[in-house]
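Novice: There's a structure below that I have some questions on.
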Amino acid sequence: MPFGMLKKRQFKHRLVRAILVGSLCILLGAISTIGQTTSNLKRTTLMRMAHAQRLAEGALDSANQAATAVIEDLGKECLSPVLLQLRMQVAYFQTVRSVNLVQGNQIYCSSLYGHYAEEINFDSYTDGTLYLVNDNRVKKDQKLIIYRKVVGKDSIVVRLYGDHILSELSVLSIDLPLGLIVGQQQWQHQQTPSTPLISPDMPGYMELPSTHYPFKIVAAISPANYLSYIWYFSRFSLIAWVLLSVIVGFAVFRWSGRTISPEYELRQALENQEFIPYIQPVVSGHLMRETGCEVLMRWAHPTMGIIPPDNFIPMAENCNLIIPMTQALMTQVRKQFAPMAQLLPKDYHFAFNITASHFRDFNLVEDCRAFINAFGDNPIKLVLELTERELLVIDEVTERLVNELHKLGVMIAIDDFGTGNSSLKYLQHIKVDALKIDKSFISKIGIDTHSVHIVDNIIDLAARLHLQTVAEGVENEEQASYLKARNVTFLQGYLYGKPVPMEDFALQFYD
Ligand SMILES: Nc1nc2c(ncn2[C@@H]2O[C@@H]3COP(=O)(O)O[C@H]4[C@@H](O)[C@H](n5cnc6c(=O)[nH]c(N)nc65)O[C@@H]4COP(=O)(O)O[C@H]3[C@H]2O)c(=O)[nH]1
């Protein structure tokens with residue numbers, strides 16, 4: 001069934017659409033969650049760096065205060081009052097390990113050793129004021145930050161406990177290591193020789209230089225840091241997005257099922273003019289030549305090819321599209337044949353299938369008028385075949401419409417006579433011009449006497465009511481002779497020609 005195939009195709013489309021929308025939803029969710037989380041990580045890292053910077057500056061401020069407090073003693077002899085001053089600073093500032101007075105490059109007085117001489121190379125000090133020491137003579141592995149306050153040619157050197165700053169750094173380096181850089185030197189918490197130094201060529205490198213001292217705090221957020229941060233903080237919202245996407249995808253699937261219903265397909269097809277006429281010749285039983293034709297609708301589907309009417313007409317009737325579809329068909333036939341009216345045999349007839357509901361629509365009269373008028377000088381006959389799929393409501397409206405049609409000269413035939421329940425009722429109530437004997441009876445001529453009796457009876461009934469007869473489905477000479485012998489008015493069937501596309505059918509009149 002084509003509608004079955006259509007459904008399959010639609011199912012595929014719906015599935016693809018739902019997957020696309022669902023994926024888009026996941027993508028948007030992932031982008032927004034990941035974007036937010038990564039900017040959070042950057043912001044948090046910057047905040048930690050700023051905190052680390054304040055801590056380091058705080059320690060150096062202490063060193064500066066200690067140095068300032070002993071500035072008066074610089075140049076004085078390293079005796080008890082001076083030493084007392086130096087040692088008071090060490091006692092006062094928790095992070096200060098020693099305070100030393102320096103003349104030129106020489107320490108001459110130290111809070112640690114008293115009067116004492118040590119040469120210092122200040123060239124390795126960053127900006128001449130700051131230096132990091134990893135090992136010192138007094139205690140191995142003890143890290144020191146050395147701060148130098150320059151006073152003319154002399155200076156005060158304050159040594160600070162580096163471990164204090166490093167342990168503060170460790171708290172701030174929980175997920176992401178921070179580094180303290182002074183010149184070329186770098187400290188990180190729990191640094192080993194194999195610990196990679198944080199450098200500007202690392203992905204996600206960030207630095208925060210101090211505005212007061214020559215050091216900076218650095219960090220590098222690697223993709224792995226981002227991933228673990230996202231997993232830690234945003235996994236639930238990512239899962240929520242996935243669930244939401246599934247729901248949205250499902251909703252799209254359901255929704256598009258409604259949009260691409262068979263009715264929607266038919267409407268689209270009508271808009272795209274996919275319903276086209278096929279035409280089958282009808283011959284006169286008396287003259288044995290073509291005196292008319294029946295127009296039969298086909299759906300020229302863009303992917304499935306030509307679809308026969310039984311597969312879509314019932315659906316078209318159910319969703320009230322059959323009327324515009326029939327109008328479109330009549331227009332196409334009119335446009336094809338009216339310009340070549342002179343080529344048509346005299347009194348040539350065109351038969352269209354009309355459903356019961358169409359017999360209540362007065363536009364049908366106008367469509368018929370337009371059709372007949374279009375042929376001008378060589379008038380044709382228009383036959384409307386009342387199909388029996390829908391039940392015709394016989395009331396004042398139908399009767400009036402049928403009268404109007406008759407006034408125009410339109411002939412009315414009952415299609416597939418004898419197969420429906422109401423054929424006889426129609427005969428009783430509306431003025432009918434012809435009966436079409438269904439092919440299911442014709443095919444049994446010479447085979448089944450019961451069916452042949454029915455054929456005889458229909459012919460007899462038509463004769464009594466002065467109605468014309470059309471035998472459809474005539475496939476062989478035996479059937480044709482039988483019908484001709486009983487004066488059936490018209491014969492139609494594969495014996496005389498199959499339905500063919502309208503343009504092909506029209507070609508015969510140019511011969
Ligand atoms: N086996 C056999 N079949 C023959 C022979 N000669 C003609 N036929 C077929 O018999 C059907 C005759 O049309 P129908 O009884 O009006 O029956 C039509 C008609 O009820 C409906 N239909 C077709 N076009 C239209 C239309 O434009 N509007 C409406 N409402 N119904 C239509 O669809 C039905 C089927 O149409 P088709 O498939 O075109 O089938 C056509 C035709 O192709 C033959 O010798 N042997």
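In the structure tokens, chains take letters A, B, ... by order of appearance, with residues numbered from 1 within each chain and ligands from 1 in the order shown.
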Which residues come within 12 Å of Phe509 of chain A, counting only C-alpha atoms, excluding same-chain residues fewer than 4 positions away, as a PDB file with N, CA and C atoms, in the first residue's frame?
Specialist:
ATOM      1  N   GLU A 290     -14.382   5.128 -31.313  1.00  0.00           N
ATOM      2  CA  GLU A 290     -14.239   5.908 -30.063  1.00  0.00           C
ATOM      3  C   GLU A 290     -15.139   7.139 -30.103  1.00  0.00           C
ATOM      4  N   GLN A 336      -6.079  21.071 -21.765  1.00  0.00           N
ATOM      5  CA  GLN A 336      -5.438  20.251 -22.799  1.00  0.00           C
ATOM      6  C   GLN A 336      -6.317  20.165 -24.061  1.00  0.00           C
ATOM      7  N   PHE A 337      -7.634  19.886 -23.871  1.00  0.00           N
ATOM      8  CA  PHE A 337      -8.467  19.560 -25.029  1.00  0.00           C
ATOM      9  C   PHE A 337      -9.213  20.743 -25.640  1.00  0.00           C
ATOM     10  N   MET A 340      -7.838  22.198 -28.719  1.00  0.00           N
ATOM     11  CA  MET A 340      -7.844  21.307 -29.889  1.00  0.00           C
ATOM     12  C   MET A 340      -9.252  20.749 -30.130  1.00  0.00           C
ATOM     13  N   ALA A 341     -10.255  21.533 -29.706  1.00  0.00           N
ATOM     14  CA  ALA A 341     -11.649  21.084 -29.784  1.00  0.00           C
ATOM     15  C   ALA A 341     -12.024  20.630 -31.202  1.00  0.00           C
ATOM     16  N   GLN A 342     -11.516  21.357 -32.204  1.00  0.00           N
ATOM     17  CA  GLN A 342     -11.893  21.048 -33.597  1.00  0.00           C
ATOM     18  C   GLN A 342     -11.407  19.675 -34.045  1.00  0.00           C
ATOM     19  N   LEU A 343     -10.399  19.170 -33.368  1.00  0.00           N
ATOM     20  CA  LEU A 343      -9.836  17.868 -33.763  1.00  0.00           C
ATOM     21  C   LEU A 343     -10.645  16.709 -33.193  1.00  0.00           C
ATOM     22  N   LEU A 344     -11.511  17.008 -32.222  1.00  0.00           N
ATOM     23  CA  LEU A 344     -12.240  15.923 -31.554  1.00  0.00           C
ATOM     24  C   LEU A 344     -13.428  15.474 -32.426  1.00  0.00           C
ATOM     25  N   PRO A 345     -13.762  14.167 -32.355  1.00  0.00           N
ATOM     26  CA  PRO A 345     -14.951  13.705 -33.083  1.00  0.00           C
ATOM     27  C   PRO A 345     -16.189  14.440 -32.580  1.00  0.00           C
ATOM     28  N   TYR A 348     -18.215  14.215 -28.973  1.00  0.00           N
ATOM     29  CA  TYR A 348     -17.281  13.443 -28.140  1.00  0.00           C
ATOM     30  C   TYR A 348     -17.613  13.702 -26.664  1.00  0.00           C
ATOM     31  N   MET A 502      -2.715  11.772 -20.101  1.00  0.00           N
ATOM     32  CA  MET A 502      -3.555  12.630 -20.944  1.00  0.00           C
ATOM     33  C   MET A 502      -2.835  13.087 -22.228  1.00  0.00           C
ATOM     34  N   GLU A 503      -1.570  13.489 -22.094  1.00  0.00           N
ATOM     35  CA  GLU A 503      -0.841  14.008 -23.258  1.00  0.00           C
ATOM     36  C   GLU A 503      -0.698  12.922 -24.329  1.00  0.00           C
ATOM     37  N   ASP A 504      -0.458  11.688 -23.881  1.00  0.00           N
ATOM     38  CA  ASP A 504      -0.332  10.579 -24.838  1.00  0.00           C
ATOM     39  C   ASP A 504      -1.677  10.312 -25.507  1.00  0.00           C
ATOM     40  N   PHE A 505      -2.737  10.380 -24.692  1.00  0.00           N
ATOM     41  CA  PHE A 505      -4.077  10.122 -25.213  1.00  0.00           C
ATOM     42  C   PHE A 505      -4.433  11.159 -26.286  1.00  0.00           C
TER      43      PHE A 505
END
Novice: Hey, which residues come within 6 Å of ligand 1 if we count only C-alpha atoms and all ligand atoms? Could you give them as a PDB file with C-alpha atoms, in the first residue's frame?
Specialist:
ATOM      1  CA  LEU A 296      -9.134   8.660 -14.257  1.00  0.00           C
ATOM      2  CA  MET A 297      -7.006  10.274 -11.616  1.00  0.00           C
ATOM      3  CA  PRO A 308      -3.453   4.264  -8.660  1.00  0.00           C
ATOM      4  CA  PRO A 309      -6.613   5.968  -7.368  1.00  0.00           C
ATOM      5  CA  ASP A 310      -7.868   3.170  -5.119  1.00  0.00           C
ATOM      6  CA  THR A 326     -11.512  16.756  -9.058  1.00  0.00           C
ATOM      7  CA  ASN A 353     -15.761  10.408 -11.571  1.00  0.00           C
ATOM      8  CA  ILE A 354     -17.594  12.505  -9.006  1.00  0.00           C
ATOM      9  CA  THR A 355     -18.043  11.552  -5.356  1.00  0.00           C
ATOM     10  CA  THR A 387     -19.144   6.818  -7.587  1.00  0.00           C
ATOM     11  CA  ASP A 416     -20.314   0.402 -10.867  1.00  0.00           C
ATOM     12  CA  GLU A 472     -16.662  -1.315 -18.264  1.00  0.00           C
ATOM     13  CA  GLY A 473     -13.850  -3.817 -18.108  1.00  0.00           C
ATOM     14  CA  VAL A 474     -14.395  -5.272 -21.588  1.00  0.00           C
ATOM     15  CA  GLU A 475     -11.284  -7.333 -22.158  1.00  0.00           C
ATOM     16  CA  GLN A 492     -14.916   0.474 -22.285  1.00  0.00           C
ATOM     17  CA  GLY A 493     -12.042  -1.790 -21.419  1.00  0.00           C
ATOM     18  CA  TYR A 494      -8.522  -2.947 -22.162  1.00  0.00           C
ATOM     19  CA  PRO A 499      -5.856   4.375 -19.404  1.00  0.00           C
TER      20      PRO A 499
END
Novice: Given the choices A:Gln185, A:Gln479, A:Gln280, A:Gln10, which gets closest to His349 of chain A if the distance is worked out from only C-alpha atoms?
Specialist: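 For His349 of chain A, the nearest of the candidates is A:Gln280.
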Novice: Residues within 10 Å of Pro214 of chain A, please, as number ranges by chain. Count only C-alpha atoms; anything in the same chain fewer than 3 positions from it doesn't count.
Specialist: A: 125-131, 181-183, 209-211
Novice: Report as a ChimeraX atom specification: the residues of segment 321-364 of chain A with a DSSP assignment of alpha helix (DSSP H), based on the backbone of this structure.
Specialist: /A:322-337,363-364
Novice: Next, dump the selected residues to file, keeping only N, CA and C atoms, as an mmCIF file, in the first residue's frame.
Specialist:
data_model
loop_
_atom_site.group_PDB
_atom_site.id
_atom_site.type_symbol
_atom_site.label_atom_id
_atom_site.label_comp_id
_atom_site.auth_asym_id
_atom_site.auth_seq_id
_atom_site.Cartn_x
_atom_site.Cartn_y
_atom_site.Cartn_z
ATOM 1 N N ILE A 322 -11.256 15.631 -2.002
ATOM 2 C CA ILE A 322 -11.597 15.092 -3.314
ATOM 3 C C ILE A 322 -12.184 16.174 -4.235
ATOM 4 N N ILE A 323 -12.931 17.134 -3.641
ATOM 5 C CA ILE A 323 -13.556 18.154 -4.498
ATOM 6 C C ILE A 323 -12.483 19.021 -5.185
ATOM 7 N N PRO A 324 -11.548 19.640 -4.411
ATOM 8 C CA PRO A 324 -10.518 20.409 -5.128
ATOM 9 C C PRO A 324 -9.660 19.550 -6.058
ATOM 10 N N MET A 325 -9.476 18.285 -5.694
ATOM 11 C CA MET A 325 -8.677 17.409 -6.567
ATOM 12 C C MET A 325 -9.405 17.192 -7.898
ATOM 13 N N THR A 326 -10.729 16.964 -7.825
ATOM 14 C CA THR A 326 -11.512 16.756 -9.058
ATOM 15 C C THR A 326 -11.525 18.045 -9.888
ATOM 16 N N GLN A 327 -11.653 19.191 -9.178
ATOM 17 C CA GLN A 327 -11.662 20.469 -9.909
ATOM 18 C C GLN A 327 -10.343 20.646 -10.659
ATOM 19 N N ALA A 328 -9.248 20.284 -9.974
ATOM 20 C CA ALA A 328 -7.927 20.421 -10.610
ATOM 21 C C ALA A 328 -7.839 19.522 -11.843
ATOM 22 N N LEU A 329 -8.428 18.335 -11.721
ATOM 23 C CA LEU A 329 -8.392 17.382 -12.835
ATOM 24 C C LEU A 329 -9.182 17.929 -14.035
ATOM 25 N N MET A 330 -10.372 18.481 -13.730
ATOM 26 C CA MET A 330 -11.216 19.018 -14.814
ATOM 27 C C MET A 330 -10.494 20.169 -15.514
ATOM 28 N N THR A 331 -9.834 20.999 -14.724
ATOM 29 C CA THR A 331 -9.119 22.142 -15.305
ATOM 30 C C THR A 331 -8.014 21.665 -16.249
ATOM 31 N N GLN A 332 -7.265 20.638 -15.788
ATOM 32 C CA GLN A 332 -6.165 20.146 -16.631
ATOM 33 C C GLN A 332 -6.699 19.604 -17.961
ATOM 34 N N VAL A 333 -7.802 18.834 -17.879
ATOM 35 C CA VAL A 333 -8.363 18.231 -19.101
ATOM 36 C C VAL A 333 -8.875 19.343 -20.020
ATOM 37 N N ARG A 334 -9.538 20.338 -19.407
ATOM 38 C CA ARG A 334 -10.075 21.443 -20.221
ATOM 39 C C ARG A 334 -8.935 22.160 -20.950
ATOM 40 N N LYS A 335 -7.854 22.438 -20.188
ATOM 41 C CA LYS A 335 -6.750 23.187 -20.793
ATOM 42 C C LYS A 335 -6.066 22.396 -21.914
ATOM 43 N N GLN A 336 -6.079 21.071 -21.765
ATOM 44 C CA GLN A 336 -5.438 20.251 -22.799
ATOM 45 C C GLN A 336 -6.317 20.165 -24.061
ATOM 46 N N PHE A 337 -7.634 19.886 -23.871
ATOM 47 C CA PHE A 337 -8.467 19.560 -25.029
ATOM 48 C C PHE A 337 -9.213 20.743 -25.640
ATOM 49 N N ASN A 363 -20.489 24.714 -6.715
ATOM 50 C CA ASN A 363 -19.356 25.080 -7.580
ATOM 51 C C ASN A 363 -19.213 24.090 -8.731
ATOM 52 N N LEU A 364 -19.731 22.872 -8.494
ATOM 53 C CA LEU A 364 -19.655 21.845 -9.533
ATOM 54 C C LEU A 364 -20.366 22.343 -10.804
#
Novice: Tell me which protein, DNA and RNA residues are within 8 Å of Ile437 of chain A, counting only C-alpha atoms, leaving out same-chain ones fewer than 4 positions away, and put them as a PyMOL selection string.
Specialist: chain A and resi 415-418+441-442+455+458+469-472
Novice: Restricting the calculation to only C-alpha atoms: of A:Phe233, A:Tyr205, A:Tyr426, A:Tyr278, which residue gets closest to Leu178 of chain A?
Specialist: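 Distance minimum relative to Leu178 of chain A lands on A:Tyr205.
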Novice: Which residue gives the smallest distance to His115 of chain A among A:Val16, A:Cys78, A:Arg400, A:Val90, with only C-alpha atoms counted?
Specialist: A:Cys78
Novice: May I have the residues within 9 Å of Ile71 of chain A as JSON, numbers by chain, using only C-alpha atoms and disregarding those fewer than 6 positions away in the same chain?
Specialist: {"A": [101, 151, 155, 156]}
Novice: Just asking: which residues within segment 43-230 of chain A are strand (DSSP E or B) according to DSSP, as a PyMOL selection string?
Specialist: chain A and resi 96-103+106-110+114-119+126+130-133+144-151+154-161+178-182+185-188+205-209+216-220
Novice: For segment 37-44 of chain A, work out the shell of residues within 12 Å, counting only C-alpha atoms and skipping chain neighbours fewer than 6 positions away, then give it as a PDB file with C-alpha atoms, in the first residue's frame.
Specialist:
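Result file is part.pdb:
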ATOM      1  CA  GLY A  29      22.823  22.360  26.542  1.00  0.00           C
ATOM      2  CA  ALA A  30      26.406  21.149  26.406  1.00  0.00           C
ATOM      3  CA  ILE A  31      27.631  24.471  25.001  1.00  0.00           C
ATOM      4  CA  ALA A  50      44.311  37.251  43.546  1.00  0.00           C
ATOM      5  CA  HIS A  51      44.136  35.716  47.017  1.00  0.00           C
ATOM      6  CA  LEU A 172      44.532  27.658  46.899  1.00  0.00           C
ATOM      7  CA  SER A 173      45.911  24.980  44.565  1.00  0.00           C
ATOM      8  CA  ILE A 174      43.390  22.255  45.413  1.00  0.00           C
ATOM      9  CA  ASP A 175      42.271  21.425  41.859  1.00  0.00           C
ATOM     10  CA  LEU A 176      44.731  23.491  39.952  1.00  0.00           C
ATOM     11  CA  GLY A 204      45.062  28.093  29.461  1.00  0.00           C
ATOM     12  CA  TYR A 205      48.036  30.035  30.881  1.00  0.00           C
ATOM     13  CA  MET A 206      47.080  32.965  33.158  1.00  0.00           C
ATOM     14  CA  GLU A 207      49.237  35.364  35.149  1.00  0.00           C
ATOM     15  CA  ALA A 219      48.268  29.153  36.604  1.00  0.00           C
ATOM     16  CA  ALA A 220      47.508  27.035  33.536  1.00  0.00           C
ATOM     17  CA  ILE A 221      44.054  25.484  33.100  1.00  0.00           C
ATOM     18  CA  SER A 222      44.567  22.422  30.921  1.00  0.00           C
ATOM     19  CA  PRO A 223      41.737  20.667  28.996  1.00  0.00           C
ATOM     20  CA  ALA A 224      41.950  17.881  31.594  1.00  0.00           C
ATOM     21  CA  ASN A 225      41.370  20.469  34.347  1.00  0.00           C
ATOM     22  CA  TYR A 226      38.295  21.703  32.470  1.00  0.00           C
ATOM     23  CA  LEU A 227      36.974  18.177  31.994  1.00  0.00           C
ATOM     24  CA  SER A 228      37.368  17.173  35.616  1.00  0.00           C
ATOM     25  CA  TYR A 229      35.859  20.493  36.740  1.00  0.00           C
ATOM     26  CA  ILE A 230      32.887  19.997  34.365  1.00  0.00           C
ATOM     27  CA  TRP A 231      32.421  16.437  35.550  1.00  0.00           C
ATOM     28  CA  TYR A 232      32.636  17.475  39.192  1.00  0.00           C
ATOM     29  CA  PHE A 233      30.364  20.510  39.071  1.00  0.00           C
ATOM     30  CA  SER A 234      28.113  20.122  36.012  1.00  0.00           C
ATOM     31  CA  ARG A 235      27.491  16.448  35.474  1.00  0.00           C
ATOM     32  CA  SER A 237      22.985  19.544  34.574  1.00  0.00           C
ATOM     33  CA  LEU A 238      24.549  17.709  31.607  1.00  0.00           C
TER      34      LEU A 238
END
Novice: What is the distance, in Å and to one decimal place, between atom CA of Ala251 of chain A and atom CA of Ala269 of chain A?
Specialist: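 Computed distance, atom CA of Ala251 of chain A to atom CA of Ala269 of chain A, equals 25.9 Å.
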Novice: Any idea what the distance is between atom CA of Leu408 of chain A and atom CA of Ile279 of chain A?
Specialist: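 Taking atom CA of Leu408 of chain A as the start and atom CA of Ile279 of chain A as the end point, the length is 23.4 Å.
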Novice: Compare A:Leu20, A:Gln103, A:Ser124, A:Tyr496 by their minimum atom-to-atom distance to Lys153 of chain A, counting only C-alpha atoms, and give me the closest one.
Specialist: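 Smallest separation from Lys153 of chain A among the options: A:Gln103.
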Novice: Between A:Asn476, A:Asn457, A:Thr45, A:Gln85, which is the closest to Asn100 of chain A once you count only C-alpha atoms?
Specialist: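 Among A:Asn476, A:Asn457, A:Thr45, A:Gln85, it is A:Gln85 that comes nearest to Asn100 of chain A.
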Novice: How many Å separate atom CA of Gly179 of chain A from atom CA of Ile217 of chain A?
Specialist: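 So the two atoms, atom CA of Gly179 of chain A and atom CA of Ile217 of chain A, lie 5.6 Å apart.
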Novice: Fewer than 6 positions away in the same chain doesn't count, so skip those; otherwise give me all residues within 7 Å of Arg14 of chain A, counting only C-alpha atoms, as a count of residues only.
Specialist: 3
